[in-house]
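Colleague: File follows, query_0.txt with compact mmCIF, C-alpha atoms:
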# COMPACT_ATOMS: atom_id res chain seq x y z
CA MET A 268 -41.76 74.81 -54.73
CA THR A 269 -44.56 75.98 -52.40
CA GLN A 270 -46.92 73.19 -53.39
CA ALA A 271 -44.13 70.65 -52.95
CA ILE A 272 -43.61 71.82 -49.36
CA LEU A 273 -47.38 71.85 -48.73
CA ARG A 274 -47.63 68.29 -49.98
CA GLU A 275 -44.90 67.32 -47.54
CA ILE A 276 -46.69 69.09 -44.67
CA ILE A 277 -49.91 67.29 -45.54
CA ALA A 278 -48.17 63.94 -46.02
CA TYR A 279 -48.68 61.67 -43.04
CA ALA A 280 -44.99 60.79 -42.97
CA ASN A 281 -44.24 64.28 -41.65
CA ARG A 282 -47.12 64.51 -39.18
CA ALA A 283 -44.88 63.97 -36.14
CA ASN A 284 -42.66 66.95 -36.95
CA PRO A 285 -43.79 69.42 -39.63
CA TYR A 286 -41.81 72.30 -38.13
CA PRO A 287 -38.70 72.07 -40.37
CA LEU A 288 -41.09 72.34 -43.33
CA TYR A 289 -42.70 75.45 -41.84
CA GLU A 290 -39.21 76.90 -41.44
CA GLU A 291 -38.63 76.36 -45.15
CA LEU A 292 -41.94 78.06 -45.97
CA ARG A 293 -41.04 81.14 -43.91
CA LYS A 294 -38.16 81.90 -46.27
CA THR A 295 -40.87 83.32 -48.53
CA PRO A 296 -43.59 84.87 -46.30
CA VAL A 297 -46.22 84.82 -49.06
CA SER A 298 -45.81 82.25 -51.82
CA GLN A 299 -47.84 80.58 -54.56
CA ASP A 300 -47.28 78.08 -57.35
CA GLY A 301 -49.41 77.80 -60.48
CA ASP A 302 -53.11 77.55 -59.61
CA GLY A 303 -52.39 76.60 -56.01
CA PRO A 304 -53.30 78.62 -52.93
CA TYR A 305 -51.41 81.63 -51.66
CA VAL A 306 -49.57 80.43 -48.56
CA VAL A 307 -48.86 82.89 -45.74
CA SER A 308 -46.35 81.53 -43.23
CA THR A 309 -44.96 84.39 -41.09
CA TYR A 310 -46.43 85.75 -37.87
CA TYR A 311 -47.05 89.42 -38.61
CA GLU A 312 -48.53 88.73 -42.04
CA ILE A 313 -50.87 86.03 -40.70
CA HIS A 314 -51.94 88.22 -37.78
CA SER A 315 -52.67 91.11 -40.14
CA LEU A 316 -54.83 88.97 -42.45
CA LEU A 317 -56.78 87.50 -39.52
CA HIS A 318 -57.87 91.08 -38.78
CA ASP A 319 -58.34 92.17 -42.40
CA PRO A 320 -62.02 92.58 -43.47
CA ARG A 321 -60.96 91.86 -47.04
CA ILE A 322 -60.30 88.23 -46.07
CA SER A 323 -63.41 86.06 -46.27
CA SER A 324 -64.27 82.76 -44.59
CA ASP A 325 -67.19 82.15 -46.95
CA ALA A 326 -66.32 79.57 -49.62
CA LYS A 327 -68.82 81.20 -52.02
CA ASN A 328 -66.30 84.00 -52.54
CA LEU A 329 -63.61 81.65 -53.83
CA LYS A 330 -62.96 82.10 -57.54
CA ALA A 331 -62.78 78.75 -59.32
CA THR A 332 -59.32 78.16 -60.81
CA GLY A 333 -59.66 74.57 -61.89
CA ASP A 334 -58.91 71.53 -59.76
CA ASP A 335 -57.31 72.21 -56.42
CA PRO A 336 -54.09 70.16 -56.59
CA LEU A 337 -54.08 69.83 -52.80
CA GLY A 338 -57.58 68.46 -52.43
CA GLY A 339 -59.09 71.50 -50.66
CA ARG A 340 -62.84 71.31 -50.12
CA SER A 341 -65.70 72.45 -47.94
CA ASP A 342 -67.02 69.85 -45.52
CA GLU A 343 -70.45 71.47 -45.69
CA GLU A 344 -70.79 71.35 -49.46
CA GLY A 345 -73.72 69.27 -50.56
CA THR A 346 -75.42 69.07 -47.18
CA THR A 347 -78.79 70.44 -46.15
CA LEU A 348 -77.36 72.17 -43.09
CA PRO A 349 -76.35 75.80 -43.61
CA PRO A 350 -72.74 76.81 -42.94
CA SER A 351 -71.86 77.48 -39.31
CA PHE A 352 -70.91 81.05 -38.37
CA LEU A 353 -67.28 79.89 -38.54
CA LYS A 354 -67.67 79.93 -42.31
CA LEU A 355 -69.64 83.14 -42.67
CA ASP A 356 -68.64 86.80 -42.96
CA PRO A 357 -70.18 89.85 -41.29
CA PRO A 358 -72.94 90.72 -40.77
CA ASP A 359 -74.31 87.15 -40.64
CA HIS A 360 -71.25 85.90 -38.75
CA ASP A 361 -71.47 88.67 -36.17
CA ARG A 362 -75.20 88.18 -35.56
CA LEU A 363 -74.95 84.43 -35.01
CA ARG A 364 -71.80 84.71 -32.90
CA ARG A 365 -73.45 87.32 -30.65
CA MET A 366 -76.53 85.13 -30.25
CA THR A 367 -74.39 82.11 -29.39
CA ASN A 368 -72.28 84.07 -26.95
CA ARG A 369 -75.25 85.25 -24.85
CA PRO A 370 -75.71 81.93 -23.02
CA PHE A 371 -72.00 81.06 -23.08
CA GLY A 372 -69.96 83.94 -21.73
CA PRO A 373 -69.52 87.62 -20.88
CA PRO A 374 -71.27 89.94 -20.61
CA HIS A 375 -74.56 88.01 -20.48
CA ALA A 376 -73.37 84.77 -18.84
CA PRO A 377 -70.03 85.74 -17.24
CA HIS A 378 -69.88 82.86 -14.79
CA ARG A 379 -70.88 79.88 -16.96
CA VAL A 380 -67.36 78.59 -17.63
CA HIS A 381 -66.06 79.45 -14.16
CA ASP A 382 -69.00 77.74 -12.50
CA MET A 383 -68.14 74.50 -14.31
CA ARG A 384 -64.85 74.12 -12.38
CA ASP A 385 -66.22 71.68 -9.82
CA GLU A 386 -67.84 69.56 -12.51
CA LEU A 387 -64.65 69.61 -14.59
CA GLY A 388 -62.63 68.61 -11.55
CA GLY A 389 -64.97 65.71 -10.90
CA LEU A 390 -64.64 64.48 -14.47
CA VAL A 391 -60.83 64.66 -14.35
CA THR A 392 -60.74 62.80 -11.04
CA GLY A 393 -63.15 60.16 -12.26
CA LEU A 394 -61.18 59.47 -15.43
CA ILE A 395 -57.85 59.17 -13.61
CA ASP A 396 -59.50 56.93 -10.99
CA GLY A 397 -60.80 54.83 -13.88
CA ILE A 398 -57.21 54.27 -15.02
CA VAL A 399 -56.38 53.10 -11.48
CA GLU A 400 -59.26 50.62 -11.60
CA THR A 401 -57.85 48.95 -14.71
CA GLY A 402 -54.70 48.10 -12.74
CA GLN A 403 -52.65 48.43 -15.94
CA MET A 404 -50.01 51.06 -15.21
CA ASP A 405 -47.56 49.50 -17.67
CA ARG A 406 -49.57 50.71 -20.69
CA ILE A 407 -52.05 53.58 -20.57
CA ASP A 408 -53.48 55.16 -23.73
CA LEU A 409 -53.84 58.72 -22.59
CA VAL A 410 -56.04 59.61 -25.59
CA ASP A 411 -58.63 56.84 -25.29
CA GLN A 412 -58.64 56.74 -21.50
CA PHE A 413 -58.48 60.44 -20.73
CA ALA A 414 -57.87 63.15 -23.35
CA TYR A 415 -60.81 62.18 -25.57
CA PRO A 416 -63.59 61.34 -23.07
CA PHE A 417 -62.92 64.40 -20.89
CA PRO A 418 -63.74 67.22 -23.36
CA VAL A 419 -66.51 65.14 -24.97
CA SER A 420 -68.26 64.87 -21.61
CA VAL A 421 -67.72 68.59 -20.94
CA ILE A 422 -69.22 69.86 -24.18
CA CYS A 423 -72.10 67.38 -24.03
CA ARG A 424 -73.01 68.54 -20.53
CA LEU A 425 -72.65 72.19 -21.49
CA LEU A 426 -75.06 71.72 -24.39
CA GLY A 427 -77.36 69.38 -22.49
CA ILE A 428 -76.72 66.17 -24.43
CA PRO A 429 -77.93 63.12 -22.45
CA ARG A 430 -74.97 61.27 -20.98
CA GLU A 431 -76.06 57.97 -22.46
CA ASP A 432 -75.73 59.51 -25.95
CA GLU A 433 -72.15 60.74 -25.52
CA PRO A 434 -70.55 57.65 -27.17
CA ARG A 435 -72.52 58.29 -30.36
CA PHE A 436 -70.53 61.45 -31.04
CA HIS A 437 -67.19 59.72 -31.39
CA VAL A 438 -67.75 58.51 -34.96
CA TRP A 439 -69.49 61.73 -36.03
CA ALA A 440 -66.74 63.90 -34.60
CA GLU A 441 -63.92 61.84 -36.11
CA THR A 442 -65.56 61.91 -39.54
CA LEU A 443 -66.29 65.64 -39.53
CA ALA A 444 -62.85 66.53 -38.20
CA ALA A 445 -61.26 64.40 -40.92
CA SER A 446 -63.28 66.27 -43.56
CA LEU A 447 -61.26 69.41 -42.75
CA ASP A 448 -58.05 67.65 -43.77
CA PRO A 449 -56.75 68.66 -47.22
CA ASP A 450 -55.62 65.15 -48.10
CA PRO A 451 -54.65 65.00 -51.80
CA ASP A 452 -54.70 61.19 -51.79
CA ALA A 453 -58.26 60.80 -50.50
CA ASP A 454 -61.15 59.96 -52.84
CA PRO A 455 -63.04 63.28 -52.78
CA THR A 456 -66.39 61.66 -53.61
CA GLN A 457 -66.17 59.06 -50.87
CA HIS A 458 -64.61 61.51 -48.43
CA GLY A 459 -67.37 64.07 -49.07
CA LYS A 460 -70.11 61.46 -48.73
CA GLY A 461 -68.80 60.37 -45.34
CA ALA A 462 -68.81 63.94 -44.07
CA MET A 463 -72.27 64.59 -45.49
CA ASP A 464 -73.70 61.43 -43.91
CA ALA A 465 -72.18 62.31 -40.55
CA ARG A 466 -73.55 65.86 -40.65
CA MET A 467 -76.98 64.56 -41.62
CA GLU A 468 -77.06 62.02 -38.79
CA LEU A 469 -75.83 64.58 -36.30
CA GLY A 470 -78.32 67.14 -37.63
CA MET A 471 -81.26 64.76 -37.31
CA TYR A 472 -80.26 63.89 -33.76
CA LEU A 473 -79.88 67.53 -32.74
CA ALA A 474 -83.14 68.48 -34.45
CA GLY A 475 -84.95 66.10 -32.15
CA LEU A 476 -83.25 67.57 -29.08
CA ILE A 477 -83.97 71.15 -30.16
CA GLU A 478 -87.65 70.31 -30.61
CA GLU A 479 -87.72 68.78 -27.12
CA ARG A 480 -86.03 71.85 -25.61
CA ARG A 481 -88.49 74.23 -27.25
CA LYS A 482 -91.31 72.35 -25.57
CA LYS A 483 -89.53 71.95 -22.26
CA PRO A 484 -86.42 74.15 -21.96
CA GLY A 485 -83.76 73.63 -19.31
CA ASP A 486 -80.75 75.67 -18.24
CA ASP A 487 -78.40 74.17 -20.87
CA MET A 488 -77.02 75.96 -23.91
CA LEU A 489 -79.09 73.96 -26.37
CA SER A 490 -82.28 75.16 -24.67
CA GLN A 491 -81.10 78.74 -24.80
CA LEU A 492 -80.11 78.52 -28.46
CA ALA A 493 -83.51 77.01 -29.26
CA THR A 494 -85.66 79.48 -27.30
CA ALA A 495 -83.74 82.76 -26.83
CA ASP A 496 -85.15 85.85 -28.53
CA GLY A 497 -82.82 88.79 -27.84
CA PRO A 498 -81.82 92.00 -29.66
CA ASP A 499 -80.73 89.99 -32.72
CA GLY A 500 -83.99 88.05 -32.83
CA ALA A 501 -84.26 84.28 -32.59
CA MET A 502 -82.28 81.62 -34.37
CA THR A 503 -84.09 79.65 -37.02
CA THR A 504 -84.20 75.90 -36.51
CA MET A 505 -81.50 75.47 -39.15
CA GLU A 506 -79.28 78.10 -37.54
CA ALA A 507 -79.66 76.47 -34.14
CA LEU A 508 -78.83 73.11 -35.70
CA SER A 509 -75.73 74.38 -37.46
CA THR A 510 -74.51 76.30 -34.40
CA SER A 511 -75.01 73.43 -31.96
CA ALA A 512 -73.24 71.04 -34.36
CA LEU A 513 -70.30 73.46 -34.56
CA LEU A 514 -70.08 73.79 -30.77
CA LEU A 515 -70.28 70.04 -30.31
CA ILE A 516 -67.49 69.22 -32.76
CA ALA A 517 -65.22 72.25 -32.34
CA GLY A 518 -65.87 72.17 -28.59
CA HIS A 519 -63.90 69.00 -28.09
CA GLU A 520 -61.75 68.10 -31.11
CA THR A 521 -59.24 70.91 -30.53
CA THR A 522 -59.19 70.37 -26.76
CA VAL A 523 -58.35 66.68 -27.20
CA ASN A 524 -55.29 67.73 -29.20
CA LEU A 525 -54.35 70.50 -26.78
CA ILE A 526 -54.32 68.08 -23.83
CA THR A 527 -52.56 65.30 -25.72
CA ASN A 528 -49.94 67.55 -27.34
CA GLY A 529 -49.48 69.12 -23.93
CA MET A 530 -48.79 65.88 -22.09
CA LEU A 531 -46.50 64.68 -24.87
CA THR A 532 -44.51 67.92 -24.62
CA LEU A 533 -44.31 67.73 -20.81
CA LEU A 534 -43.08 64.14 -20.93
CA ARG A 535 -40.37 65.31 -23.32
CA HIS A 536 -39.51 68.09 -20.85
CA PRO A 537 -39.46 66.33 -17.45
CA ASP A 538 -38.06 69.40 -15.68
CA VAL A 539 -41.18 71.39 -16.62
CA LEU A 540 -43.39 68.44 -15.66
CA GLN A 541 -41.80 68.41 -12.22
CA ARG A 542 -42.33 72.16 -11.83
CA LEU A 543 -46.00 71.71 -12.67
CA ARG A 544 -46.26 68.84 -10.17
CA ASP A 545 -44.86 71.16 -7.49
CA ASN A 546 -46.94 74.18 -8.50
CA ALA A 547 -50.33 73.71 -10.17
CA GLU A 548 -50.56 77.44 -10.94
CA LEU A 549 -47.85 76.97 -13.54
CA ALA A 550 -50.54 75.31 -15.69
CA VAL A 551 -51.67 78.75 -16.89
CA PRO A 552 -48.40 79.82 -18.60
CA ILE A 553 -47.71 76.23 -19.67
CA VAL A 554 -50.98 76.06 -21.63
CA GLU A 555 -50.29 79.43 -23.27
CA GLU A 556 -46.84 78.27 -24.36
CA LEU A 557 -48.32 74.99 -25.60
CA LEU A 558 -50.80 76.93 -27.74
CA ARG A 559 -47.80 78.57 -29.37
CA TYR A 560 -45.39 75.64 -29.44
CA GLU A 561 -47.77 72.80 -30.40
CA PRO A 562 -51.09 74.39 -31.45
CA PRO A 563 -54.01 71.98 -31.94
CA VAL A 564 -55.07 73.85 -35.11
CA GLN A 565 -52.05 74.01 -37.40
CA LEU A 566 -53.41 75.88 -40.40
CA LEU A 567 -56.49 77.56 -41.84
CA PRO A 568 -56.82 76.35 -45.44
CA GLN A 569 -60.11 78.04 -46.36
CA ARG A 570 -59.78 81.80 -46.64
CA THR A 571 -60.55 83.94 -49.69
CA THR A 572 -59.76 87.51 -50.71
CA LEU A 573 -62.70 89.87 -51.35
CA SER A 574 -60.45 92.27 -53.26
CA ASP A 575 -56.82 92.49 -54.28
CA VAL A 576 -54.71 92.45 -51.10
CA GLU A 577 -51.01 93.26 -50.90
CA VAL A 578 -49.08 91.26 -48.30
CA ALA A 579 -45.29 91.43 -47.87
CA GLY A 580 -44.91 92.88 -51.35
CA VAL A 581 -47.12 90.24 -53.00
CA THR A 582 -50.52 91.11 -54.47
CA ILE A 583 -53.05 88.37 -53.76
CA PRO A 584 -55.87 88.78 -56.32
CA LYS A 585 -59.56 88.91 -55.53
CA GLY A 586 -61.14 85.47 -55.17
CA ALA A 587 -57.87 83.68 -54.49
CA SER A 588 -57.51 80.80 -52.04
CA VAL A 589 -55.39 81.76 -49.03
CA TRP A 590 -53.86 79.38 -46.52
CA LEU A 591 -52.83 80.81 -43.16
CA MET A 592 -50.15 78.63 -41.56
CA LEU A 593 -50.78 79.32 -37.88
CA ALA A 594 -48.24 76.83 -36.54
CA SER A 595 -45.56 78.32 -38.75
CA GLY A 596 -46.33 81.83 -37.51
CA ASN A 597 -46.08 80.59 -33.93
CA ARG A 598 -42.49 79.49 -34.59
CA ASP A 599 -41.48 82.66 -36.46
CA PRO A 600 -38.12 83.80 -34.98
CA LYS A 601 -38.89 87.39 -36.05
CA ARG A 602 -41.71 87.36 -33.47
CA PHE A 603 -40.55 84.88 -30.82
CA GLU A 604 -36.99 84.61 -29.55
CA ASP A 605 -35.63 81.06 -29.68
CA ALA A 606 -38.97 80.08 -31.20
CA ASP A 607 -38.30 76.33 -31.40
CA ARG A 608 -37.73 76.07 -27.65
CA PHE A 609 -40.56 75.16 -25.27
CA ASP A 610 -40.42 77.81 -22.56
CA PRO A 611 -43.33 78.27 -20.12
CA ASP A 612 -41.56 81.35 -18.70
CA ARG A 613 -41.76 83.11 -22.05
CA LYS A 614 -43.07 86.68 -21.84
CA ASP A 615 -45.33 88.54 -24.28
CA ILE A 616 -46.74 85.35 -25.73
CA GLN A 617 -49.35 86.64 -28.17
CA HIS A 618 -49.63 83.35 -30.05
CA LEU A 619 -51.93 82.37 -32.92
CA GLY A 620 -52.93 79.07 -31.30
CA LEU A 621 -56.56 80.15 -30.85
CA GLY A 622 -56.69 82.34 -33.94
CA SER A 623 -57.25 86.08 -33.77
CA GLY A 624 -59.73 88.64 -35.02
CA ILE A 625 -63.44 88.05 -35.47
CA HIS A 626 -62.96 84.29 -35.91
CA SER A 627 -60.84 83.79 -32.80
CA CYS A 628 -61.72 80.57 -30.97
CA PHE A 629 -65.20 80.94 -29.52
CA GLY A 630 -64.58 78.39 -26.78
CA ALA A 631 -61.11 79.62 -25.77
CA PRO A 632 -61.94 80.20 -22.06
CA LEU A 633 -63.35 76.69 -21.71
CA ALA A 634 -60.50 75.05 -23.66
CA ARG A 635 -57.92 76.82 -21.51
CA GLN A 636 -59.63 75.78 -18.30
CA GLU A 637 -59.97 72.16 -19.40
CA ALA A 638 -56.32 71.90 -20.44
CA GLN A 639 -55.04 73.61 -17.27
CA MET A 640 -57.01 71.28 -15.01
CA ALA A 641 -56.19 68.15 -17.00
CA LEU A 642 -52.44 68.73 -17.21
CA SER A 643 -52.02 69.86 -13.61
CA GLU A 644 -53.89 66.80 -12.27
CA LEU A 645 -52.05 64.36 -14.53
CA ALA A 646 -48.75 65.89 -13.39
CA ARG A 647 -49.76 65.63 -9.73
CA ARG A 648 -51.16 62.12 -9.74
CA LEU A 649 -49.01 60.12 -12.17
CA GLU A 650 -45.89 58.66 -10.53
CA ASN A 651 -42.84 58.58 -12.80
CA PRO A 652 -44.82 58.84 -16.09
CA ARG A 653 -42.89 58.01 -19.25
CA LEU A 654 -43.51 57.66 -22.96
CA LEU A 655 -43.70 54.19 -24.49
CA GLU A 656 -43.59 55.44 -28.09
CA ASP A 657 -41.89 58.60 -29.30
CA PRO A 658 -43.10 59.79 -31.67
CA PRO A 659 -46.54 58.30 -31.05
CA GLN A 660 -49.06 57.42 -33.74
CA TYR A 661 -50.63 60.63 -35.05
CA ARG A 662 -54.03 61.27 -36.53
CA GLN A 663 -54.22 61.52 -40.30
CA ASN A 664 -55.47 65.10 -40.03
CA ALA A 665 -52.89 67.80 -40.84
CA VAL A 666 -55.21 70.66 -39.83
CA LEU A 667 -56.24 69.38 -36.40
CA ARG A 668 -52.89 67.81 -35.59
CA GLY A 669 -52.38 65.58 -32.58
CA PRO A 670 -51.56 62.00 -31.53
CA ARG A 671 -54.24 59.40 -32.18
CA HIS A 672 -52.83 57.34 -29.34
CA LEU A 673 -50.39 58.33 -26.60
CA PRO A 674 -49.11 55.17 -24.86
CA ILE A 675 -47.47 55.91 -21.51
CA ALA A 676 -46.52 53.97 -18.41
CA CYS A 677 -46.22 55.02 -14.78
CA ASP A 678 -45.24 53.44 -11.48
CA GLY A 679 -48.51 54.29 -9.81
CA ILE A 680 -51.23 56.89 -9.41
CA ARG A 681 -51.45 59.07 -6.34
CA PRO A 682 -54.84 59.61 -4.65
How does this structure look as structure tokens?

Modeller:
Amino acid sequence: MTQAILREIIAYANRANPYPLYEELRKTPVSQDGDGPYVVSTYYEIHSLLHDPRISSDAKNLKATGDDPLGGRSDEEGTTLPPSFLKLDPPDHDRLRRMTNRPFGPPHAPHRVHDMRDELGGLVTGLIDGIVETGQMDRIDLVDQFAYPFPVSVICRLLGIPREDEPRFHVWAETLAASLDPDPDADPTQHGKGAMDARMELGMYLAGLIEERRKKPGDDMLSQLATADGPDGAMTTMEALSTSALLLIAGHETTVNLITNGMLTLLRHPDVLQRLRDNAELAVPIVEELLRYEPPVQLLPQRTTLSDVEVAGVTIPKGASVWLMLASGNRDPKRFEDADRFDPDRKDIQHLGLGSGIHSCFGAPLARQEAQMALSELARRLENPRLLEDPPQYRQNAVLRGPRHLPIACDGIRP
């Protein structure tokens, strides 16, 4: 039964609205069929496991149980790059995360994200002005013309990627993001080769930049990752490569979905869109509710138990595959009243949209700021915006879920 529901969740036909399937899963908080993964679908159980040191993110701890009927895999398997700290456990995870955090945020660089506000504002303004210049208000693809290029430019500038190289990351990012998708119908050999080739090309490109920064460092994050030597020592070249690749991909893929899911939700709730147009400060609670209601990361399919773990009366054995269904937990009525309703006035909104525990989203402050600025400016400047397709065309990916295109129209764009 569980695997049948998982197959439906993964099936593209249900990408536009997987939430009734999550509701079905929650009837059994922890479930498993045959050799399939243990699926955890309720808020309190997911939150507990995200903080449980007996839950590993390292695929080496997964006990082989034959073929995974759902096509689960590691996108880093077979590559020469080491796993990013996202897929490591303490103490290696903690060391690399601390080293990465020094040039990114508090306490060592407390103003880096805040000080980007003017640059972010300029990018948002420029992209919306670019839509004006096309003169085509009757059909705007909000993904291609805004939601994708905005976070790509932000993360490239944060890392110090030359602006002329930004377009090169589109194909790499799409391929690597798709490799996270547990698609049972994909050819695993071909799928794995595509991810490996993309990681190799990205790694070779970043290796050249890291070498340049070591010779002539700047004030960008890539320079600091390449040259810093703090209490935890210095990153090896391979660690700097893996970390910068993680930041580049994770630093924009989820934000694209957050912005796009956000605008789609606001267009479906015109009363909230009008409130945001009248009061830009409402962007803060709106983004938090969006992270609960339509999270850009729907599930975490690669967790493993380091020992037997009892959850909701079920013993998950050591070495088992565990799937944490974040989006399902975010709609759990035992945690959130009227959980299927979009409500930016909701109180006590401790969602799972950015994870929790030691693997909580590293770039959360930046993602929040980008989404708040993007949505508030789109609300302010677009006159009478409306959806042209509902539901829109979604990406294939069930893990990083969001529209591939979001066609809208408007009557004009305010200055």

Colleague: From the options A:Ala646, A:Leu425, A:Ile272, A:Ile625, which residue's atoms come nearest to Asp545 in chain A, counting all atoms listed in the file?

Modeller: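 Using all atoms listed in the file, the shortest distance to Asp545 in chain A belongs to A:Ala646.
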
Colleague: With range 525-539 of chain A as the partner and 8 Å as the cut-off, tabulate the residues of range 378-451 of chain A that qualify, each row holding the nearest pair of atoms and their distance in Å to one decimal, using all atoms listed in the file, sorted by chain and rising number, as CSV.

Modeller:
residue,atom,partner,partner_atom,distance
A:Leu409,CA,A:Thr527,CA,7.4
A:Val410,CA,A:Thr527,CA,6.7
A:Ala414,CA,A:Ile526,CA,6.1

Colleague: What gap, in Å, lies between CA of Leu549 in chain A and CA of Leu642 in chain A?

Modeller: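 Between CA of Leu549 in chain A and CA of Leu642 in chain A the gap works out to 10.1 Å.
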
Colleague: When you count only C-alpha atoms, which of these residues is closest to Asp356 in chain A: A:Ile407, A:Leu573, A:Met467, A:Leu667?

Modeller: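 With only C-alpha atoms as the atom set, the closest residue is A:Leu573.
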
Colleague: Near Ala280 in chain A, within 10 Å and counting all atoms listed in the file, which residues show up once chain neighbours fewer than 5 positions away are dropped, as a list in words?

Modeller: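 These residues fall inside the cut-off: Glu275, Pro285, Tyr661 and Gln663 of chain A.
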
Colleague: Can you work out the spacing between CA of Ile428 in chain A and CA of Leu390 in chain A in Å, to one decimal?

Modeller: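 Between these atoms lies a distance of 15.7 Å.
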
Colleague: Quick one: residues within 10 Å of range 603-620 of chain A, only C-alpha atoms counted, chain neighbours fewer than 3 positions away excluded, as a ChimeraX atom specification?

Modeller: /A:286-287,310,313-314,317,525,532-533,536,539,549-566,592-600,623,627-628,631

Colleague: Using CA of Leu329 in chain A and CA of Pro350 in chain A as the two end points, give the distance in Å to one decimal.

Modeller: 15.0 Å

Colleague: Might you pull out every residue within 10 Å of Pro416 in chain A, with all atoms listed in the file counted and same-chain residues fewer than 5 positions away left off, and present them as a compact mmCIF listing (two decimals) with C-alpha atoms, keeping the file's coordinate frame?

Modeller:
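See selection27.txt below for the written result:
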# COMPACT_ATOMS: atom_id res chain seq x y z
CA LEU A 390 -64.64 64.48 -14.47
CA VAL A 391 -60.83 64.66 -14.35
CA LEU A 394 -61.18 59.47 -15.43
CA VAL A 410 -56.04 59.61 -25.59
CA ASP A 411 -58.63 56.84 -25.29
CA VAL A 421 -67.72 68.59 -20.94
CA GLU A 433 -72.15 60.74 -25.52
CA PRO A 434 -70.55 57.65 -27.17
CA HIS A 437 -67.19 59.72 -31.39
CA HIS A 519 -63.90 69.00 -28.09
CA VAL A 523 -58.35 66.68 -27.20
